[in-house]
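Novice: Here it is, the structure in full.
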Amino acid sequence: MNKKKIRQKLKQKAINRIDRKYIGFHVYRSANESLPFIFWERLTDEPIPDGNFNDPAAQLGQRFYYKLTQVDAQGNESAPITPQTTYTDHAGNQFEQNPLVDFVGYNMYRSADEDIPLGQWERRNKEPIPTTEYKDEGVESGEIYFYYVRAVDSKGNESAPGEVIRVIRK
């Protein structure tokens, strides 16, 4: 092959690479992580540019799995990738997705004294809380309280304690 043909091939490869520049992502969802990807449901009609996606149709208490594909300018999609999944609480703190398969909910613990052993804190709920939202009715205005959570599985086993947070009731 002569130098001119090699140069033309390299130039064409570079043009193809530029033409295939990724413009965004398609989001796919499945309730079964082991289902072949071809059967996953695509949730986006148009590519989303940054990969951030809020699934408004996800049902509370049901676990879903998500994958992304990169989309180029011609609409071609890459192989699926598993995104890093996080959630943000009301205060703007970001947390990683809970990896428990048989996750039931959370147990919420409270204390007015941060320094007593965690095992002595008061559990605030009778049954596991299915979401990351909790309103503690038994608090005094202006008082400082400390909280932590433990994830609970279907057998009642608890995870290690989460981070202790400080709350001032208004």
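Ligands are numbered from 1 in the order shown, residues from 1 within each chain, and chains are lettered A, B, ... in the order they appear in the structure tokens.
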I'd like the neighbourhood of Pro128 of chain A as a list in words, where a residue qualifies if any of its atoms comes within 12 Å (using only C-alpha atoms), though same-chain residues fewer than 5 positions away should be ignored.
Specialist: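 So the residues in contact are Gly61, Phe103, Val104, Gly105, Tyr106, Asn107, Met108, Tyr109, Arg123, Glu133, Tyr134, Val149, Arg150, Ala151, Val152, Asp153, Ser154, Lys155, Gly156, Asn157 and Glu158 of chain A.
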Novice: Near Thr69 of chain A, within 7 Å and counting only C-alpha atoms, which residues show up once chain neighbours fewer than 3 positions away are dropped, as a ChimeraX atom specification?
Specialist: /A:25-27,77-81
Novice: Residues of the last selection are to be written out with N, CA and C atoms, as a CSV table (one decimal), in the first residue's frame.
Specialist:
chain,number,residue,atom,x,y,z
A,25,PHE,N,-26.8,10.2,25.9
A,25,PHE,CA,-27.1,8.9,26.3
A,25,PHE,C,-28.5,8.5,26.2
A,26,HIS,N,-28.8,7.3,26.0
A,26,HIS,CA,-30.1,6.7,26.1
A,26,HIS,C,-30.1,5.9,27.4
A,27,VAL,N,-31.3,6.0,28.1
A,27,VAL,CA,-31.4,5.3,29.4
A,27,VAL,C,-32.3,4.1,29.3
A,77,GLU,N,-25.7,3.6,18.8
A,77,GLU,CA,-25.6,3.5,20.2
A,77,GLU,C,-24.4,2.5,20.6
A,78,SER,N,-23.7,2.8,21.6
A,78,SER,CA,-22.6,2.0,22.1
A,78,SER,C,-23.2,0.8,22.8
A,79,ALA,N,-22.3,-0.1,23.2
A,79,ALA,CA,-22.7,-1.2,24.1
A,79,ALA,C,-23.2,-0.6,25.4
A,80,PRO,N,-24.1,-1.3,26.1
A,80,PRO,CA,-24.6,-0.7,27.4
A,80,PRO,C,-23.6,-0.6,28.5
A,81,ILE,N,-23.7,0.4,29.3
A,81,ILE,CA,-22.8,0.6,30.5
A,81,ILE,C,-23.7,0.7,31.7
Novice: If we count only C-alpha atoms, what is near segment 38-44 of chain A at a cut-off of 10 Å, once residues fewer than 6 positions away on the same chain are taken out, given as a compact mmCIF listing (two decimals) with N, CA and C atoms, in the first residue's frame?
Specialist:
# COMPACT_ATOMS: atom_id res chain seq x y z
N PHE A 25 -26.80 10.24 25.85
CA PHE A 25 -27.05 8.89 26.33
C PHE A 25 -28.53 8.53 26.20
N HIS A 26 -28.80 7.25 25.96
CA HIS A 26 -30.14 6.71 26.12
C HIS A 26 -30.14 5.94 27.43
N VAL A 27 -31.27 5.99 28.14
CA VAL A 27 -31.42 5.33 29.43
C VAL A 27 -32.35 4.13 29.26
N TYR A 28 -31.93 3.00 29.82
CA TYR A 28 -32.72 1.77 29.78
C TYR A 28 -32.99 1.30 31.20
N ARG A 29 -34.15 0.65 31.39
CA ARG A 29 -34.54 0.17 32.73
C ARG A 29 -35.06 -1.26 32.64
N SER A 30 -34.81 -2.03 33.72
CA SER A 30 -35.35 -3.37 33.84
C SER A 30 -35.58 -3.68 35.32
N ALA A 31 -36.59 -4.46 35.61
CA ALA A 31 -36.81 -4.93 36.99
C ALA A 31 -35.98 -6.17 37.27
N ASN A 32 -35.39 -6.75 36.21
CA ASN A 32 -34.59 -7.97 36.35
C ASN A 32 -33.19 -7.69 35.80
N PHE A 53 -30.53 11.57 34.88
CA PHE A 53 -31.89 11.19 34.53
C PHE A 53 -32.67 10.88 35.79
N ASP A 55 -36.14 9.14 36.94
CA ASP A 55 -37.18 8.25 36.43
C ASP A 55 -38.48 8.50 37.21
N ALA A 57 -41.43 7.51 36.61
CA ALA A 57 -42.36 6.38 36.60
C ALA A 57 -41.92 5.24 37.52
N TYR A 65 -33.17 -1.61 37.70
CA TYR A 65 -31.78 -1.55 37.29
C TYR A 65 -31.72 -0.67 36.05
N TYR A 66 -30.64 0.08 35.91
CA TYR A 66 -30.50 1.01 34.79
C TYR A 66 -29.20 0.78 34.05
N LYS A 67 -29.25 1.02 32.76
CA LYS A 67 -28.05 1.00 31.92
C LYS A 67 -28.15 2.18 30.96
N LEU A 68 -26.98 2.64 30.52
CA LEU A 68 -26.90 3.74 29.55
C LEU A 68 -26.21 3.24 28.29
N THR A 69 -26.56 3.86 27.17
CA THR A 69 -25.79 3.68 25.95
C THR A 69 -25.39 5.06 25.48
Novice: A:Asn76, A:Phe146, A:Thr82, A:Ala58: which is nearest Phe37 of chain A, counting only C-alpha atoms?
Specialist: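 Ranking A:Asn76, A:Phe146, A:Thr82, A:Ala58 by distance to Phe37 of chain A, first place goes to A:Thr82.
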Novice: Write out as a tab-separated table (two decimals) with C-alpha atoms, in the first residue's frame which residues come within 12 Å of Val164 of chain A when counting only C-alpha atoms, dropping same-chain ones fewer than 4 positions away.
Specialist:
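Output (part.tsv):
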chain	number	residue	atom	x	y	z
A	108	MET	CA	-34.11	5.21	62.18
A	109	TYR	CA	-32.27	5.83	65.46
A	110	ARG	CA	-32.21	9.05	67.50
A	111	SER	CA	-30.36	10.45	70.49
A	112	ALA	CA	-30.05	13.86	72.12
A	113	ASP	CA	-26.46	12.94	73.06
A	114	GLU	CA	-24.11	12.14	70.18
A	115	ASP	CA	-21.52	10.61	72.52
A	117	PRO	CA	-22.85	4.27	72.22
A	118	LEU	CA	-24.98	3.75	69.10
A	121	TRP	CA	-29.89	5.14	70.82
A	145	TYR	CA	-31.03	15.71	67.88
A	146	PHE	CA	-28.69	13.19	66.31
A	147	TYR	CA	-29.83	10.47	63.90
A	148	TYR	CA	-28.47	7.51	62.01
A	149	VAL	CA	-30.07	4.78	59.89
A	150	ARG	CA	-29.49	1.08	59.32
A	160	ALA	CA	-23.77	-1.23	59.76
